[in-house]
$ cat my_file_2.txt   # compact mmCIF, C-alpha atoms
# COMPACT_ATOMS: atom_id res chain seq x y z
CA MET F 1260 0.69 -39.00 -1.30
CA PHE F 1261 4.40 -38.71 -0.41
CA SER F 1262 7.29 -40.88 -1.55
CA LYS F 1263 10.38 -41.61 0.53
CA GLU F 1264 12.67 -39.98 -2.02
CA LYS F 1265 12.52 -36.55 -3.62
CA ILE F 1266 10.68 -36.68 -6.92
CA ASN F 1267 9.82 -32.99 -7.54
CA THR F 1268 13.25 -31.50 -8.18
CA GLY F 1269 14.30 -28.39 -10.09
CA ARG F 1270 12.22 -25.24 -10.46
CA GLN F 1271 8.56 -25.46 -9.47
CA ILE F 1272 6.66 -23.19 -11.85
CA GLU F 1273 3.79 -22.56 -9.41
CA LEU F 1274 6.25 -21.25 -6.79
CA ASP F 1275 8.00 -19.16 -9.45
CA LEU F 1276 4.64 -17.67 -10.40
CA ALA F 1277 3.80 -16.93 -6.77
CA LYS F 1278 7.18 -15.25 -6.27
CA CYS F 1279 6.83 -13.19 -9.47
CA MET F 1280 3.38 -11.97 -8.54
CA SER F 1281 4.55 -11.09 -5.04
CA ILE F 1282 7.12 -8.64 -6.48
CA VAL F 1283 4.49 -7.26 -8.90
CA PHE F 1284 2.14 -6.57 -5.96
CA MET F 1285 5.02 -5.04 -3.98
CA ILE F 1286 5.82 -2.62 -6.79
CA PHE F 1287 2.17 -1.57 -6.93
CA LEU F 1288 2.21 -1.09 -3.15
CA HIS F 1289 5.42 0.94 -3.15
CA SER F 1290 4.18 3.07 -6.05
CA LEU F 1291 1.04 3.78 -4.03
CA MET F 1292 3.05 4.57 -0.88
CA VAL F 1293 5.22 7.08 -2.73
CA THR F 1294 2.15 8.61 -4.42
CA GLU F 1295 0.74 9.41 -0.98
CA GLY F 1296 3.54 11.95 -0.47
CA PHE F 1297 2.37 14.00 -3.46
CA ALA F 1298 -0.92 15.49 -4.64
CA ASN F 1299 -3.13 12.53 -5.49
CA ASP F 1300 -6.71 11.51 -6.08
CA ILE F 1301 -6.45 7.74 -5.70
CA ASN F 1302 -9.74 5.91 -5.33
CA PRO F 1303 -9.92 4.77 -1.66
CA HIS F 1304 -11.18 1.30 -2.67
CA ILE F 1305 -8.23 0.82 -5.04
CA SER F 1306 -5.88 2.13 -2.36
CA GLN F 1307 -7.26 -0.31 0.22
CA ALA F 1308 -7.15 -3.26 -2.19
CA ILE F 1309 -3.47 -2.57 -2.94
CA ALA F 1310 -2.29 -1.44 0.51
CA HIS F 1311 -4.23 -3.89 2.66
CA LEU F 1312 -4.61 -6.97 0.49
CA LEU F 1313 -2.62 -7.50 -2.73
CA GLY F 1314 0.39 -5.51 -1.50
CA GLY F 1315 0.04 -7.04 1.96
CA PRO F 1316 -0.72 -10.76 2.51
CA PHE F 1317 -0.25 -11.56 -1.19
CA ALA F 1318 3.16 -9.89 -1.35
CA ALA F 1319 5.79 -10.04 1.43
CA PRO F 1320 4.52 -13.25 3.12
CA VAL F 1321 4.53 -15.08 -0.23
CA PHE F 1322 8.02 -13.73 -0.95
CA MET F 1323 9.32 -14.94 2.44
CA PHE F 1324 7.63 -18.33 2.17
CA SER F 1325 9.22 -18.75 -1.28
CA MET F 1326 12.60 -17.93 0.24
CA GLY F 1327 12.24 -20.75 2.77
CA PHE F 1328 10.93 -23.07 0.07
CA GLY F 1329 13.86 -22.15 -2.17
CA ILE F 1330 16.42 -23.12 0.48
CA VAL F 1331 15.24 -26.74 0.32
CA TYR F 1332 15.45 -26.70 -3.49
CA SER F 1333 18.84 -24.97 -3.50
CA ARG F 1334 21.92 -26.88 -4.65
CA ASN F 1335 23.90 -25.51 -1.73
CA GLN F 1336 22.28 -25.84 1.70
CA ALA F 1337 25.52 -25.80 3.70
CA PRO F 1338 25.18 -23.79 6.94
CA SER F 1339 28.27 -21.70 6.14
CA TYR F 1340 26.85 -20.80 2.73
CA LEU F 1341 23.47 -19.79 4.21
CA ILE F 1342 25.08 -17.69 6.94
CA LYS F 1343 27.41 -15.98 4.45
CA ARG F 1344 24.48 -15.34 2.12
CA GLY F 1345 22.50 -13.96 5.05
CA PHE F 1346 25.14 -11.34 5.84
CA LYS F 1347 25.17 -10.34 2.16
CA GLN F 1348 21.37 -9.89 2.31
CA LEU F 1349 21.76 -7.71 5.40
CA LEU F 1350 24.15 -5.45 3.49
CA LEU F 1351 21.77 -5.38 0.54
CA GLY F 1352 19.09 -4.21 2.98
CA ILE F 1353 21.21 -1.11 3.63
CA VAL F 1354 21.61 -0.61 -0.14
CA VAL F 1355 17.79 -0.72 -0.43
CA ASN F 1356 17.42 1.86 2.35
CA VAL F 1357 19.71 4.26 0.48
CA GLY F 1358 17.39 4.08 -2.54
CA GLU F 1359 14.18 4.10 -0.52
CA PHE F 1360 15.00 6.98 1.82
CA PHE F 1361 18.26 8.86 1.23
CA VAL F 1362 18.42 9.35 -2.54
CA PRO F 1363 14.81 10.63 -2.76
CA TYR F 1364 15.25 12.74 0.40
CA PHE F 1365 18.06 14.79 -1.13
CA LEU F 1366 16.62 14.72 -4.66
CA SER F 1367 13.16 15.95 -3.65
CA GLY F 1368 14.76 18.54 -1.39
CA LYS F 1369 16.99 19.91 -4.14
CA LEU F 1370 14.55 19.69 -7.07
CA LEU F 1371 11.20 20.31 -5.38
CA ASP F 1372 12.30 22.10 -2.21
CA ARG F 1373 10.37 19.40 -0.32
CA TRP F 1374 12.35 17.86 2.52
CA ASP F 1375 9.31 16.36 4.20
CA ILE F 1376 8.24 13.69 1.68
CA PHE F 1377 11.02 11.19 2.37
CA PRO F 1378 12.13 11.56 6.02
CA ILE F 1379 15.39 9.90 7.06
CA ALA F 1380 15.06 10.23 10.87
CA GLY F 1381 18.42 11.92 11.23
CA GLY F 1382 20.09 9.15 9.23
CA LEU F 1383 18.80 6.26 11.36
CA LEU F 1384 16.62 4.93 8.53
CA LEU F 1385 19.80 3.73 6.86
CA PHE F 1386 19.47 0.74 9.21
CA CYS F 1387 15.71 0.25 8.80
CA VAL F 1388 14.72 -3.43 8.62
CA ASP F 1389 13.24 -3.87 5.16
CA ILE F 1390 12.40 -7.21 3.60
CA LEU F 1391 15.97 -7.96 2.43
CA ALA F 1392 17.38 -7.20 5.89
CA PHE F 1393 14.83 -9.60 7.36
CA ALA F 1394 15.73 -12.18 4.70
CA GLY F 1395 19.37 -11.84 5.75
CA MET F 1396 18.62 -12.41 9.43
CA ALA F 1397 16.31 -15.32 8.60
CA MET F 1398 19.01 -16.88 6.39
CA ILE F 1399 21.59 -16.58 9.17
CA LEU F 1400 19.23 -18.14 11.70
CA ILE F 1401 18.31 -20.98 9.34
CA GLY F 1402 22.03 -21.54 8.70
CA ILE F 1403 22.53 -21.89 12.46
CA PHE F 1404 19.56 -24.30 12.62
CA LYS F 1405 21.17 -26.34 9.83
CA ALA F 1406 24.52 -26.37 11.67
CA LEU F 1407 22.70 -27.73 14.72
CA LYS F 1408 21.14 -30.38 12.43
CA LEU F 1409 17.59 -29.40 13.38
CA SER F 1410 14.74 -30.92 11.38
CA ALA F 1411 12.20 -28.77 9.55
CA TRP F 1412 9.64 -29.56 12.26
CA GLN F 1413 12.05 -28.40 14.97
CA MET F 1414 12.73 -25.19 13.05
CA VAL F 1415 9.01 -24.50 12.84
CA ALA F 1416 8.60 -25.21 16.57
CA ILE F 1417 11.32 -22.69 17.47
CA ALA F 1418 9.93 -20.16 14.97
CA LEU F 1419 6.48 -20.60 16.52
CA VAL F 1420 7.82 -19.75 19.98
CA MET F 1421 9.58 -16.69 18.53
CA SER F 1422 6.36 -15.64 16.78
CA VAL F 1423 4.34 -15.85 20.00
CA ALA F 1424 7.01 -13.83 21.82
CA GLY F 1425 6.97 -11.25 19.00
CA SER F 1426 3.18 -11.02 19.31
CA PHE F 1427 3.42 -10.02 22.97
CA LEU F 1428 6.47 -7.76 22.60
CA ARG F 1429 5.28 -5.68 19.64
CA PHE F 1430 4.99 -1.90 20.03
CA PHE F 1431 7.40 -1.98 22.99
CA ASP F 1432 9.12 1.38 23.54
CA PHE F 1433 12.65 1.41 24.95
CA GLY F 1434 12.48 5.16 25.46
CA SER F 1435 14.98 6.33 22.84
CA ASP F 1436 15.75 5.87 19.15
CA ILE F 1437 18.93 3.78 19.27
CA PRO F 1438 17.60 0.97 21.53
CA ASN F 1439 14.35 0.94 19.51
CA LEU F 1440 16.38 0.68 16.29
CA ILE F 1441 18.51 -2.21 17.58
CA ALA F 1442 15.52 -4.06 19.08
CA GLY F 1443 13.61 -3.46 15.82
CA TYR F 1444 15.71 -6.12 14.13
CA PHE F 1445 14.08 -8.68 16.39
CA ILE F 1446 10.74 -7.34 17.67
CA GLY F 1447 8.26 -4.71 16.50
CA SER F 1448 9.53 -1.84 18.63
CA VAL F 1449 8.14 1.66 18.17
CA GLY F 1450 9.90 4.34 16.17
CA GLY F 1451 9.31 3.33 12.57
CA PHE F 1452 12.75 1.78 12.07
CA THR F 1453 11.54 -1.71 11.22
CA ALA F 1454 9.01 -3.22 8.84
CA PHE F 1455 9.85 -6.92 9.21
CA PRO F 1456 11.11 -7.85 12.70
CA LEU F 1457 12.64 -11.31 12.88
CA PHE F 1458 10.44 -12.72 15.65
CA ASN F 1459 7.14 -11.69 14.04
CA TRP F 1460 7.97 -13.04 10.56
CA ILE F 1461 10.40 -15.98 10.95
CA LEU F 1462 7.57 -18.52 11.12
CA ILE F 1463 6.74 -17.87 7.44
CA PRO F 1464 10.09 -18.92 5.86
CA ALA F 1465 10.34 -21.75 8.42
CA ALA F 1466 6.94 -22.99 7.25
CA GLY F 1467 8.21 -22.64 3.67
CA ILE F 1468 11.06 -25.03 4.50
CA LEU F 1469 8.69 -27.57 6.06
CA PHE F 1470 6.26 -27.34 3.14
CA ALA F 1471 9.08 -27.81 0.62
CA GLU F 1472 10.34 -30.92 2.45
CA TYR F 1473 6.98 -32.57 1.77
CA TYR F 1474 6.37 -30.90 -1.60
CA SER F 1475 9.60 -32.30 -3.02
CA ARG F 1476 8.29 -35.81 -2.24
CA CYS F 1477 4.68 -35.22 -3.31
CA GLU F 1478 3.41 -37.77 -5.83
CA ASN F 1479 0.18 -35.90 -6.56
CA LYS F 1480 0.36 -32.10 -6.43
CA LYS F 1481 -3.23 -31.73 -7.61
CA LYS F 1482 -4.50 -33.78 -4.68
CA LEU F 1483 -2.24 -31.96 -2.19
CA LEU F 1484 -3.45 -28.54 -3.37
CA CYS F 1485 -7.10 -29.46 -3.97
CA LEU F 1486 -8.39 -27.26 -1.13
CA TRP F 1487 -6.85 -24.05 -2.49
CA PRO F 1488 -10.21 -22.28 -3.20
CA VAL F 1489 -11.38 -22.97 0.37
CA ALA F 1490 -8.07 -21.68 1.74
CA LEU F 1491 -8.33 -18.44 -0.25
CA ILE F 1492 -11.92 -17.86 0.90
CA ILE F 1493 -11.09 -18.47 4.59
CA ALA F 1494 -7.91 -16.38 4.58
CA ASN F 1495 -9.37 -13.44 2.66
CA ALA F 1496 -12.50 -13.41 4.83
CA TYR F 1497 -10.13 -12.92 7.78
CA PHE F 1498 -8.18 -10.22 5.94
CA VAL F 1499 -11.30 -8.24 4.97
CA ALA F 1500 -12.77 -8.59 8.48
CA SER F 1501 -9.53 -7.21 9.92
CA TRP F 1502 -10.10 -3.95 8.00
CA TYR F 1503 -13.00 -3.16 10.31
CA ILE F 1504 -11.76 -4.52 13.65
CA PRO F 1505 -10.03 -1.95 15.92
CA ASN F 1506 -6.28 -2.64 15.82
CA GLY F 1507 -6.94 -5.44 13.33
CA PHE F 1508 -4.23 -7.10 11.26
CA LEU F 1509 -4.75 -4.86 8.22
CA THR F 1510 -6.05 -1.66 9.79
CA ASP F 1511 -2.70 0.04 9.20
CA TYR F 1512 0.87 -0.69 8.13
CA ARG F 1513 2.19 -1.09 11.69
CA HIS F 1514 -0.20 -3.90 12.64
CA TYR F 1515 0.62 -5.65 9.38
CA TYR F 1516 4.38 -5.27 9.85
CA PHE F 1517 4.18 -6.46 13.46
CA MET F 1518 1.76 -9.30 12.77
CA THR F 1519 0.74 -11.76 15.49
CA THR F 1520 0.97 -15.54 15.33
CA LEU F 1521 -2.73 -15.73 14.45
CA ASP F 1522 -2.14 -13.35 11.53
CA VAL F 1523 0.76 -15.53 10.36
CA VAL F 1524 -1.47 -18.62 10.42
CA PHE F 1525 -3.99 -16.98 8.09
CA CYS F 1526 -1.17 -15.73 5.85
CA LEU F 1527 0.05 -19.34 5.57
CA ILE F 1528 -3.46 -20.52 4.74
CA ASN F 1529 -3.55 -17.84 2.04
CA ILE F 1530 -0.15 -18.90 0.69
CA TYR F 1531 -1.38 -22.49 0.36
CA GLY F 1532 -4.33 -21.12 -1.65
CA VAL F 1533 -2.05 -18.96 -3.79
CA ILE F 1534 0.21 -21.93 -4.63
CA GLY F 1535 -2.83 -24.01 -5.57
CA LEU F 1536 -4.15 -21.24 -7.80
CA TRP F 1537 -0.84 -20.80 -9.60
CA HIS F 1538 -0.46 -24.57 -9.95
CA LEU F 1539 -3.76 -24.55 -11.84
CA VAL F 1540 -2.67 -21.59 -14.00
CA SER F 1541 0.74 -23.16 -14.71
CA ARG F 1542 -0.90 -26.08 -16.52
CA PHE F 1543 -2.01 -23.69 -19.27
CA LEU F 1544 1.27 -21.80 -19.74
CA SER F 1545 3.34 -22.17 -22.88
CA GLU F 1546 6.97 -23.23 -22.73
CA GLY F 1547 8.07 -19.65 -23.47
CA ALA F 1548 5.92 -18.29 -20.63
CA VAL F 1549 7.38 -20.84 -18.23
CA LYS F 1550 10.94 -19.79 -19.16
CA PHE F 1551 10.03 -16.10 -18.72
CA VAL F 1552 8.49 -16.71 -15.29
CA SER F 1553 11.48 -18.82 -14.17
CA LYS F 1554 13.93 -16.13 -15.24
CA MET F 1555 11.95 -13.34 -13.58
CA SER F 1556 11.65 -15.39 -10.39
CA SER F 1557 15.42 -15.88 -10.25
CA ASN F 1558 15.85 -12.09 -10.63
CA VAL F 1559 13.40 -11.09 -7.88
CA ASP F 1560 16.05 -9.88 -5.38
CA VAL F 1561 17.66 -7.64 -7.99
CA ILE F 1562 14.26 -6.35 -9.12
CA TYR F 1563 13.39 -5.53 -5.52
CA ILE F 1564 16.54 -3.40 -5.09
CA ILE F 1565 16.12 -1.62 -8.42
CA GLN F 1566 12.46 -0.71 -7.86
CA TRP F 1567 13.27 1.17 -4.64
CA TYR F 1568 15.62 3.40 -6.61
CA LEU F 1569 13.36 3.90 -9.63
CA ILE F 1570 9.94 4.49 -8.04
CA PRO F 1571 10.78 7.53 -5.85
CA ILE F 1572 12.98 9.10 -8.56
CA THR F 1573 10.21 8.64 -11.15
CA TYR F 1574 7.68 10.52 -9.01
CA ILE F 1575 10.15 13.28 -8.14
CA LEU F 1576 11.08 13.86 -11.79
CA ILE F 1577 7.43 13.87 -12.91
CA CYS F 1578 6.62 16.49 -10.25
CA TYR F 1579 9.70 18.50 -11.21
CA PHE F 1580 8.58 18.79 -14.84
CA TYR F 1581 4.83 18.94 -14.10
CA ARG F 1582 4.46 20.90 -10.86
CA ASP F 1583 0.66 20.87 -10.76
CA ILE F 1584 0.16 17.17 -11.49
CA VAL F 1585 -2.32 15.21 -9.39
CA PHE F 1586 -1.70 11.47 -9.45
CA GLY F 1587 -4.77 9.33 -10.04
CA ASP F 1588 -5.69 5.69 -10.54
CA ILE F 1589 -4.59 5.56 -14.19
CA SER F 1590 -1.24 7.26 -13.55
CA LEU F 1591 -0.59 4.91 -10.62
CA PHE F 1592 -1.30 1.90 -12.82
CA ILE F 1593 0.88 3.20 -15.69
CA ILE F 1594 3.81 4.04 -13.39
CA ALA F 1595 3.67 0.68 -11.57
CA ILE F 1596 3.50 -1.35 -14.80
CA SER F 1597 6.32 0.73 -16.33
CA GLU F 1598 8.48 0.18 -13.25
CA ILE F 1599 7.87 -3.59 -13.40
CA ILE F 1600 8.94 -3.74 -17.06
CA VAL F 1601 11.99 -1.50 -16.62
CA CYS F 1602 13.12 -3.30 -13.44
CA ALA F 1603 12.79 -6.69 -15.16
CA ILE F 1604 14.85 -5.49 -18.14
CA ILE F 1605 17.59 -3.95 -15.98
CA ALA F 1606 17.74 -7.06 -13.75
CA ASN F 1607 18.07 -9.29 -16.81
CA ILE F 1608 20.87 -7.15 -18.23
CA TYR F 1609 22.63 -7.15 -14.84
CA LYS F 1610 22.41 -10.95 -14.54
CA SER F 1611 23.68 -11.39 -18.13
CA ILE F 1612 26.70 -9.15 -17.48
CA LYS F 1613 27.36 -10.97 -14.19
CA LYS F 1614 27.30 -14.34 -15.99
CA LYS F 1615 29.77 -13.13 -18.63
CA ILE F 1616 32.13 -11.83 -15.94
CA LYS F 1617 31.97 -15.18 -14.10
CA LYS F 1618 32.66 -17.10 -17.33
CA GLY F 1619 35.61 -14.83 -18.05
CA LYS F 1620 37.07 -15.39 -14.59
CA SER F 1621 36.64 -19.19 -14.82
CA ARG F 1622 38.45 -19.17 -18.20
CA GLU F 1623 41.32 -17.16 -16.70
CA LYS F 1624 41.66 -19.69 -13.87
CA LYS F 1625 41.78 -22.61 -16.35
CA ASN F 1626 44.46 -20.84 -18.40
$ encode --input "my_file_2.txt" --output "structure tokens"
Amino acid sequence: MFSKEKINTGRQIELDLAKCMSIVFMIFLHSLMVTEGFANDINPHISQAIAHLLGGPFAAPVFMFSMGFGIVYSRNQAPSYLIKRGFKQLLLGIVVNVGEFFVPYFLSGKLLDRWDIFPIAGGLLLFCVDILAFAGMAMILIGIFKALKLSAWQMVAIALVMSVAGSFLRFFDFGSDIPNLIAGYFIGSVGGFTAFPLFNWILIPAAGILFAEYYSRCENKKKLLCLWPVALIIANAYFVASWYIPNGFLTDYRHYYFMTTLDVVFCLINIYGVIGLWHLVSRFLSEGAVKFVSKMSSNVDVIYIIQWYLIPITYILICYFYRDIVFGDISLFIIAISEIIVCAIIANIYKSIKKKIKKGKSREKKN
């Protein structure tokens, strides 16, 4: 099934589709999370499907796996480049936190006289570990692994040990906010300052690297991914069962954010199923659809940053002009879809401007 040389090079449409849908599900989740701070009448079944399924295992884990996969397919895999890029992602994580917490905190306070909807924990949430902050730490660690010339299997082995350690250390309380905040970058400490601690999640991008090493040499994708329906059934049976188990994986946000190694395993099984599903779908896409998906996939990081500025502001402005509004299922759907479209447009414009600036600078250097 696998050749000695890489034969699947360039963009892989099924991974692009998986990455695109992960950001779509995230935007639905974040729209739902913000809605919960206002008067709402969201159907509990819809809320559970978004919060504890589509916006959970089908979102962030797929995004992180794609990140690891993308490193193998990247033109530049130099350790220095990965480490430098990781520090940039860490800074972008702070930019996200400004949009997610601070801008809406002051805006809702000034416009709605509501200072309770978007708490900032005395300013500490500026350093909250969101998905881009985790991506930055993961990129730095992978850069170090690359510098040490570790194989993909060795990376996974180390990530597995870290995951097991994170499983036992989660919910540890250091007794005060600052130590909990610092430790939250690595383990799931209490305090609400971290959503994606490094130890609990690093196994997913590491597995993405290992999978990509084999995927790039796969001579028969259809055969490799043939068990995708079985994988989806097994993984989602585990996810649904966890809704009803005390302290189960998807009983609340904290258990999801501080997932155990067993939870990671089922997320990886689900990701395999997701890739197989999108591989099947990709065979029926037109050339134009493939180009659109590829472009949107390459803009995912920018879309992620933009959506955390737009979603809270959208809800605040709606409530400012319509004080008695009660958000329901239809309004949630309309807002989420609108945010996806607007974010995609803004990200595309941003990337176009960035390209023009780069071209202009390269011309200046030549002259």
$ atom_distance --input "my_file_2.txt" --atom1 "atom CA of Ala1337 of chain F" --atom2 "atom CA of Tyr1474 of chain F"
20.5 Å
$ residues_around --input "my_file_2.txt" --residues "segment 1320-1331 of chain F" --least-positions-apart "5" --cutoff "6 Å" --atoms "all atoms listed in the file" --output "list in words"
Lys1278, Ser1281, Ile1463, Pro1464, Gly1467, Ile1468 and Ala1471 of chain F
$ write_last_selection --input "my_file_2.txt" --atoms "C-alpha atoms" --output "CSV table (one decimal), in the coordinates of the input"
chain,number,residue,atom,x,y,z
F,1278,LYS,CA,7.2,-15.2,-6.3
F,1281,SER,CA,4.6,-11.1,-5.0
F,1463,ILE,CA,6.7,-17.9,7.4
F,1464,PRO,CA,10.1,-18.9,5.9
F,1467,GLY,CA,8.2,-22.6,3.7
F,1468,ILE,CA,11.1,-25.0,4.5
F,1471,ALA,CA,9.1,-27.8,0.6
$ closest_residue --input "my_file_2.txt" --among "F:Ile1575, F:Ile1593, F:Ile1493, F:Ile1616" --to "Phe1365 of chain F" --atoms "all atoms listed in the file"
F:Ile1575
$ closest_residue --input "my_file_2.txt" --among "F:Val1357, F:Cys1578, F:Ala1496, F:Leu1383" --to "Thr1294 of chain F" --atoms "all atoms listed in the file"
F:Cys1578
$ closest_atom_pairs --input "my_file_2.txt" --of "segment 1404-1423 of chain F" --to "segment 1386-1397 of chain F" --cutoff "12 Å" --atoms "only C-alpha atoms" --output "JSON lines"
{"residue": "F:Phe1404", "atom": "CA", "partner": "F:Ala1397", "partner_atom": "CA", "distance": 10.4}
{"residue": "F:Met1414", "atom": "CA", "partner": "F:Ala1397", "partner_atom": "CA", "distance": 11.4}
{"residue": "F:Ala1418", "atom": "CA", "partner": "F:Ala1397", "partner_atom": "CA", "distance": 10.2}
$ write_last_selection --input "my_file_2.txt" --atoms "C-alpha atoms" --output "CSV table (one decimal), keeping the file's coordinate frame"
chain,number,residue,atom,x,y,z
F,1404,PHE,CA,19.6,-24.3,12.6
F,1414,MET,CA,12.7,-25.2,13.0
F,1418,ALA,CA,9.9,-20.2,15.0
$ closest_residue --input "my_file_2.txt" --among "F:Met1398, F:Ala1308, F:Leu1486, F:Val1523" --to "Asn1459 of chain F" --atoms "all atoms listed in the file"
F:Val1523
$ closest_residue --input "my_file_2.txt" --among "F:Leu1400, F:Val1293, F:Leu1313, F:Cys1477" --to "Ile1266 of chain F" --atoms "all atoms listed in the file"
F:Cys1477
$ closest_residue --input "my_file_2.txt" --among "F:Asp1300, F:Glu1273, F:Glu1359, F:Asp1372" --to "His1538 of chain F" --atoms "all atoms listed in the file"
F:Glu1273
$ closest_residue --input "my_file_2.txt" --among "F:Lys1369, F:Leu1591, F:Ala1500, F:Met1285" --to "Ala1318 of chain F" --atoms "only C-alpha atoms"
F:Met1285
$ atom_distance --input "my_file_2.txt" --atom1 "atom CA of Leu1349 of chain F" --atom2 "atom CA of Phe1551 of chain F"
28.1 Å
$ residues_around --input "my_file_2.txt" --residues "Leu1536 of chain F" --least-positions-apart "2" --cutoff "12 Å" --atoms "only C-alpha atoms" --output "list in words"
Ile1272, Glu1273, Leu1274, Leu1276, Ala1277, Met1280, Lys1480, Lys1481, Leu1484, Cys1485, Leu1486, Trp1487, Pro1488, Val1489, Ala1490, Leu1491, Asn1529, Ile1530, Tyr1531, Gly1532, Val1533, Ile1534, His1538, Leu1539, Val1540, Ser1541, Arg1542 and Phe1543 of chain F
$ residues_near_point --input "my_file_2.txt" --point "(11.0, -38.6, -6.1)" --cutoff "9 Å" --atoms "all atoms listed in the file" --output "list in words"
Phe1261, Ser1262, Lys1263, Glu1264, Lys1265, Ile1266, Asn1267, Thr1268, Ser1475, Arg1476, Cys1477 and Glu1478 of chain F
$ atom_distance --input "my_file_2.txt" --atom1 "atom CA of Lys1405 of chain F" --atom2 "atom CA of Val1559 of chain F"
24.6 Å
